[in-house]
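Peer 1: Take a look at this one; I'll ask things after.
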Amino acid sequence: MSGRVPEAPLQAFQTLRRLVPKADNAEHCGLCHQFLPPQHDHLLDPREHRLLCSCQACALLFDGPGRQYKRVPKTIRFVKDCEIGDPEWEALSIPIGIAFFVKQSAHDRADARIAAYYPSPAGPVESLLSLDAWQEIESRNSELAQLETDTEALLVNRAAREYFVLPIDECYRLVGLMRTHWKGLSGGAEVWREIQLFFEEMKIRAGVNQTFQLSHA
């Protein structure tokens with residue numbers, strides 16, 4: 001599936017996005033401290049599962065086999081006909097209909113573990129997922145076997161039955177949206193509006209044709 005963003009839908013999204021106020025904080029490379037534009041690379045330290053903002057030069061220099069960091073990809077793919085059954089989802093005990101799954105490596109372990117997280121006002125919360133449960137899901141969804149360890153995730157929007165393979169930094173951006181905009185016990189209309197816009201953006205970047213219908217609920 002092409003990662004090219006259609007021009008007209010992208011303009012529509014940008015128009016909607018300007019309606020949502022956001023902070024304009026300058027960012028710097030976590031390695032050389034160079035000033036970064038809004039769109040920039042990220043590196044992941046797999047030992048600590050920590051993201052670093054990076055300039056392109058540092059991303060190229062520090063990424064690669066045997067190096068400390070992994071460069072986070074930028075491709076977003078919409079996964080059609082993905083199947084996660086109700087019993088499997090209920091076993092995760094996730095209180096909202098959003099979660100992301102990532103294969104995590106570790107310096108003291110040769111194999112990867114499967115971690116499931118959901119966004120919360122306090123940050124990402126891990127939910128237990130057995131390797132057998134993941135292998136069952138993966139067996140029905142062949143594209144999941146191609147997930148890049150540490151740097152890509154399967155993001156599930158359960159209510160809309162939408163599934164994406166996307167960079168791990170986008171998952172943490174979603175977590176940040178929930179932390180920033182959550183109000184009261186239910187979150188309030190603003191946070192769910194932000195989350196809706198996030199998923200609309202993911203569909204556009206994945207090349208999925210989408211007509212915007214901004215919810216006022």
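In the structure tokens, chains take letters A, B, ... by order of appearance, with residues numbered from 1 within each chain and ligands from 1 in the order shown.
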Write out as JSON lines a residue-level contact list of segment 74-120 of chain A versus segment 152-156 of chain A with cut-off 6 Å: for each qualifying residue the closest pair of atoms and the distance in Å to one decimal, counting only C-alpha atoms, rows sorted by chain and residue number upward.
Peer 2:
```
{"residue": "A:Ile98", "atom": "CA", "partner": "A:Val156", "partner_atom": "CA", "distance": 5.5}
{"residue": "A:Ala99", "atom": "CA", "partner": "A:Val156", "partner_atom": "CA", "distance": 5.4}
{"residue": "A:Phe100", "atom": "CA", "partner": "A:Leu155", "partner_atom": "CA", "distance": 4.3}
{"residue": "A:Phe101", "atom": "CA", "partner": "A:Leu154", "partner_atom": "CA", "distance": 5.1}
{"residue": "A:Val102", "atom": "CA", "partner": "A:Ala153", "partner_atom": "CA", "distance": 4.7}
```
Peer 1: Could you give me the residues within segment 10-168 of chain A that DSSP places in helix (DSSP H, G or I), as a ChimeraX atom specification?
Peer 2: /A:10-17,56-62,86-91,131-140,142-146,168
Peer 1: Using only C-alpha atoms, pick whichever of A:Ile204, A:Leu51, A:Cys58, A:Leu131 has the shortest atom-to-atom distance to Arg113 of chain A.
Peer 2: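 That would be A:Leu131, the residue with the smallest distance to Arg113 of chain A.
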Peer 1: Taking 4 positions as the minimum chain separation for residues in the same chain, which residues sit within 9 Å of Tyr118 of chain A when counting only C-alpha atoms? Answer as a list in words.
Peer 2: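 The contact residues come out as Ile94, Pro95, Ile96, Gly97, Ile98, Ala99, Phe100, Phe101, Gly123, Pro124, Val125, Glu126, Ser127 and Val175 of chain A.
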Peer 1: Using only C-alpha atoms, which protein or nucleic acid residues come within 12 Å of Leu60 of chain A? Drop anything in the same chain fewer than 6 positions from it, and give the result as a ChimeraX atom specification.
Peer 2: /A:41-43,54,67,69-72
Peer 1: Find the residues around Arg140 of chain A up to 9 Å (only C-alpha atoms counted), leave out those fewer than 6 positions away in its own chain, and share them as a PyMOL selection string.
Peer 2: chain A and resi 82-84
Peer 1: Of the residues A:Ser186, A:Ser139, A:Gln104, A:Ser93, which is the one nearest to Ile168 of chain A, using only C-alpha atoms?
Peer 2: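 The answer is A:Gln104, which sits nearest to Ile168 of chain A.
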Peer 1: Which one is closest to Ala91 of chain A: A:Met202, A:Leu128, A:His49, A:Lys103? Count only C-alpha atoms.
Peer 2: A:Leu128
Peer 1: When you count only C-alpha atoms, which of these residues is closest to Gly207 of chain A: A:His28, A:Lys183, A:Arg50, A:Arg77?
Peer 2: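 Among the listed residues, A:Arg77 lies closest to Gly207 of chain A.
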Peer 1: When you look at segment 193-199 of chain A with a cut-off of 7 Å (counting only C-alpha atoms), what residues show up, excluding the ones that are within fewer than 3 positions of it in the same chain? I need them as a list in words.
Peer 2: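 So, after excluding close chain neighbours, the residues are Leu177, Ala189, Glu190, Met202, Lys203 and Ser215 of chain A.
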Peer 1: What separation in Å, quoted to one decimal, exists between atom CA of Tyr163 of chain A and atom CA of Leu147 of chain A?
Peer 2: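 We find that atom CA of Tyr163 of chain A and atom CA of Leu147 of chain A lie 13.2 Å from each other.
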Peer 1: Just checking: using only C-alpha atoms, which residue out of A:Ala160, A:Cys171, A:Ile137, A:Cys55 ends up closest to Ile114 of chain A?
Peer 2: A:Ile137
Peer 1: Taking the DSSP assignment computed from this structure's backbone, write out as a PyMOL selection string all residues of segment 48-116 of chain A that belong to strand (DSSP E).
Peer 2: chain A and resi 50-54+70-71+77-78+98-106+109-116
Peer 1: Considering only C-alpha atoms, state which residue in the set A:Arg47, A:Ala145, A:Pro37, A:Trp192 is at the smallest distance from Thr180 of chain A.
Peer 2: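 That would be A:Trp192, the residue with the smallest distance to Thr180 of chain A.
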